[in-house]
$ cat query.txt   # compact mmCIF, C-alpha atoms
# COMPACT_ATOMS: atom_id res chain seq x y z
CA MET A 1 42.15 6.15 -28.01
CA LEU A 2 39.87 3.60 -26.29
CA ALA A 3 42.19 0.72 -27.19
CA ALA A 4 44.95 2.34 -25.17
CA ALA A 5 42.75 2.18 -22.08
CA GLY A 6 42.95 -1.62 -22.08
CA SER A 7 40.36 -4.32 -22.34
CA ARG A 8 38.35 -2.99 -19.38
CA VAL A 9 36.84 0.36 -20.28
CA CYS A 10 35.39 2.36 -17.43
CA LEU A 11 33.46 5.47 -18.40
CA GLY A 12 34.23 7.23 -15.13
CA ARG A 13 37.94 6.61 -15.56
CA LEU A 14 37.84 7.93 -19.12
CA LEU A 15 36.09 11.10 -18.00
CA ALA A 16 38.55 11.60 -15.14
CA GLU A 17 41.56 11.14 -17.42
CA GLY A 18 40.12 13.51 -20.01
CA GLN A 19 40.17 10.93 -22.81
CA LEU A 20 36.47 11.25 -23.59
CA HIS A 21 35.65 14.75 -24.81
CA ALA A 22 32.12 14.37 -26.19
CA PRO A 23 29.36 15.34 -23.76
CA LEU A 24 27.10 12.53 -22.62
CA LEU A 25 23.58 13.06 -23.89
CA ARG A 26 20.43 11.07 -23.30
CA PRO A 27 19.32 9.19 -26.39
CA ALA A 28 16.56 11.00 -28.22
CA ALA A 29 13.08 9.50 -28.22
CA ARG A 30 12.04 8.01 -31.53
CA GLY A 31 8.76 7.60 -33.32
CA ILE A 32 5.52 9.46 -33.73
CA ALA A 33 4.66 9.30 -30.03
CA ALA A 34 7.89 11.12 -29.17
CA THR A 35 7.19 14.00 -31.53
CA ALA A 36 3.61 14.27 -30.24
CA ALA A 37 4.81 14.21 -26.63
CA SER A 38 7.42 16.89 -27.19
CA SER A 39 5.00 19.19 -29.00
CA SER A 40 2.18 18.78 -26.47
CA SER A 41 4.30 18.92 -23.30
CA ALA A 42 3.82 22.68 -23.02
CA HIS A 43 0.05 22.25 -23.20
CA ASN A 44 -0.11 19.63 -20.40
CA ARG A 45 1.21 21.88 -17.68
CA SER A 46 -1.30 23.35 -15.32
CA PRO A 47 -1.79 27.08 -15.81
CA GLY A 48 -1.61 29.59 -13.03
CA PRO A 49 0.87 30.46 -10.32
CA ILE A 50 3.42 27.92 -9.14
CA SER A 51 2.29 26.18 -5.96
CA SER A 52 4.47 25.33 -2.98
CA ALA A 53 4.46 21.65 -4.01
CA GLU A 54 5.83 22.59 -7.43
CA LYS A 55 8.60 24.64 -5.81
CA MET A 56 9.43 21.99 -3.24
CA TYR A 57 9.32 18.91 -5.45
CA LYS A 58 10.18 20.53 -8.81
CA VAL A 59 7.28 18.68 -10.40
CA PRO A 60 4.12 20.43 -11.53
CA GLY A 61 1.34 19.67 -9.09
CA SER A 62 -1.38 18.49 -11.38
CA TYR A 63 -3.53 16.35 -9.09
CA LYS A 64 -6.02 17.66 -6.57
CA PRO A 65 -6.06 15.19 -3.64
CA SER A 66 -9.38 14.03 -2.22
CA ASN A 67 -10.03 13.79 1.52
CA PHE A 68 -9.08 10.08 1.46
CA ASP A 69 -5.87 10.90 -0.40
CA LYS A 70 -5.07 13.51 2.25
CA LYS A 71 -5.57 10.91 4.99
CA ILE A 72 -3.22 8.52 3.14
CA LEU A 73 -0.61 11.28 2.79
CA MET A 74 -0.81 11.98 6.53
CA TRP A 75 -0.87 8.27 7.55
CA THR A 76 2.27 7.54 5.54
CA GLY A 77 4.08 10.45 7.17
CA ARG A 78 4.40 12.69 4.11
CA PHE A 79 2.61 15.56 5.88
CA LYS A 80 1.86 16.12 9.55
CA THR A 81 -1.47 17.96 9.23
CA GLU A 82 -4.11 18.41 6.57
CA GLU A 83 -3.32 22.13 6.36
CA GLU A 84 0.23 21.37 5.19
CA ILE A 85 -1.02 19.51 2.12
CA PRO A 86 -1.03 21.81 -0.92
CA SER A 87 -4.11 22.13 -3.10
CA ARG A 88 -2.35 20.35 -5.97
CA ILE A 89 0.28 17.65 -5.63
CA PRO A 90 2.36 15.66 -8.12
CA PRO A 91 0.79 12.30 -9.01
CA GLU A 92 4.07 10.55 -8.22
CA MET A 93 3.86 11.73 -4.60
CA LEU A 94 0.41 10.18 -4.23
CA ASP A 95 1.55 6.93 -5.89
CA ILE A 96 4.43 6.62 -3.42
CA ALA A 97 2.11 7.36 -0.48
CA ARG A 98 -0.42 4.77 -1.70
CA ASN A 99 2.30 2.13 -2.04
CA LYS A 100 3.50 2.86 1.50
CA ALA A 101 -0.10 2.64 2.75
CA ARG A 102 -0.50 -0.74 1.02
CA VAL A 103 2.61 -2.06 2.72
CA LYS A 104 1.49 -0.74 6.12
CA ALA A 105 -1.95 -2.32 5.64
CA CYS A 106 -0.33 -5.65 4.73
CA TYR A 107 1.85 -5.52 7.84
CA LEU A 108 -1.22 -4.72 9.92
CA MET A 109 -3.12 -7.69 8.46
CA ILE A 110 -0.14 -9.99 9.06
CA GLY A 111 0.01 -8.86 12.69
CA LEU A 112 -3.74 -9.34 13.19
CA THR A 113 -3.53 -12.82 11.63
CA ILE A 114 -0.75 -13.83 14.03
CA ILE A 115 -2.75 -12.47 16.99
CA ALA A 116 -5.84 -14.38 15.81
CA CYS A 117 -3.78 -17.60 15.56
CA PHE A 118 -2.62 -17.22 19.15
CA ALA A 119 -6.20 -16.48 20.25
CA VAL A 120 -7.43 -19.69 18.61
CA ILE A 121 -4.62 -21.68 20.24
CA ALA A 122 -5.42 -20.16 23.65
CA SER A 123 -9.14 -20.88 23.32
CA ALA A 124 -8.44 -24.46 22.26
CA ARG A 125 -6.28 -25.04 25.32
CA ARG A 126 -9.06 -23.89 27.65
CA THR A 127 -11.30 -26.79 26.64
CA GLU A 128 -11.16 -30.12 28.47
CA HIS A 129 -8.58 -32.59 27.28
CA HIS A 130 -11.05 -35.28 26.22
CA GLU A 131 -13.39 -32.87 24.54
CA SER A 132 -13.17 -32.56 20.77
CA LEU A 133 -15.08 -30.35 18.40
CA THR A 134 -17.02 -33.33 17.07
CA SER A 135 -18.13 -34.47 20.52
CA TRP A 136 -19.04 -30.89 21.42
CA ASN A 137 -21.21 -30.56 18.26
CA LEU A 138 -22.88 -33.93 18.89
CA ALA A 139 -23.70 -32.89 22.47
CA LYS A 140 -25.09 -29.58 21.27
CA LYS A 141 -27.29 -31.26 18.65
CA ALA A 142 -28.54 -33.79 21.22
CA LYS A 143 -29.50 -30.92 23.49
CA TRP A 144 -31.37 -29.23 20.61
CA ARG A 145 -33.22 -32.50 19.89
CA GLU A 146 -34.27 -32.77 23.53
CA GLU A 147 -35.48 -29.17 23.53
CA ALA A 148 -37.37 -29.76 20.26
CA ALA A 149 -38.99 -32.91 21.72
CA VAL A 150 -39.98 -31.05 24.90
CA SER A 151 -41.46 -28.17 22.92
CA ALA A 152 -43.33 -30.63 20.65
CA GLU A 153 -44.80 -32.38 23.71
CA PHE A 154 -45.80 -29.06 25.19
CA LYS A 155 -47.55 -28.02 21.94
CA THR A 156 -49.53 -31.27 21.76
CA LYS A 157 -50.90 -30.82 25.27

$ encode --input "query.txt" --output "structure tokens"
Amino acid sequence: MLAAAGSRVCLGRLLAEGQLHAPLLRPAARGIAATAASSSSAHNRSPGPISSAEKMYKVPGSYKPSNFDKKILMWTGRFKTEEEIPSRIPPEMLDIARNKARVKACYLMIGLTIIACFAVIASARRTEHHESLTSWNLAKKAKWREEAAVSAEFKTK
């Protein structure tokens, strides 16, 4: 049956033509961990009534967000106010919000670094043309030596 389809087999084409009759199933998990996960999955769900986050996102809300987590959720645009945030949210929602916050923080740091570079360039251009950092430091240290000599003379008198 598949040989008649030619050398290029396309699953979507086979389904559309009705040549593939077996339903597509996900491969079953194997091993001890899979049997333990399937038997304990009913015990991992949070008891109690279904929250609005569970209804909206179809994932059991099993994480209670802290105040900082609520600020991250609002900063990333997931919720507009703190009152909109349900008492329990799915952990995946918080992971996505944290990743967005990391990216926004990185963009903010990149922007501040560029601004700081321009500030350094602008401050360097304000100095005199023949003045270098080395000459400025030598002049400053000479001034300190003079002040130290004057104060030493004043103390000896």

$ atom_distance --input "query.txt" --atom1 "CA of Ala97 in chain A" --atom2 "CA of Ser62 in chain A"
16.0 Å

$ atom_distance --input "query.txt" --atom1 "CA of Thr76 in chain A" --atom2 "CA of Lys100 in chain A"
6.3 Å

$ closest_residue --input "query.txt" --among "A:Lys140, A:Lys104, A:Thr156, A:Met109" --to "Ile72 in chain A" --atoms "only C-alpha atoms"
A:Lys104

$ atom_distance --input "query.txt" --atom1 "CA of Val120 in chain A" --atom2 "CA of Ser132 in chain A"
14.3 Å

$ residues_near_point --input "query.txt" --point "(-5.7, 10.4, -1.7)" --cutoff "12 Å" --atoms "only C-alpha atoms" --output "PyMOL selection string"
chain A and resi 63-76+78+82+85+87-99+101
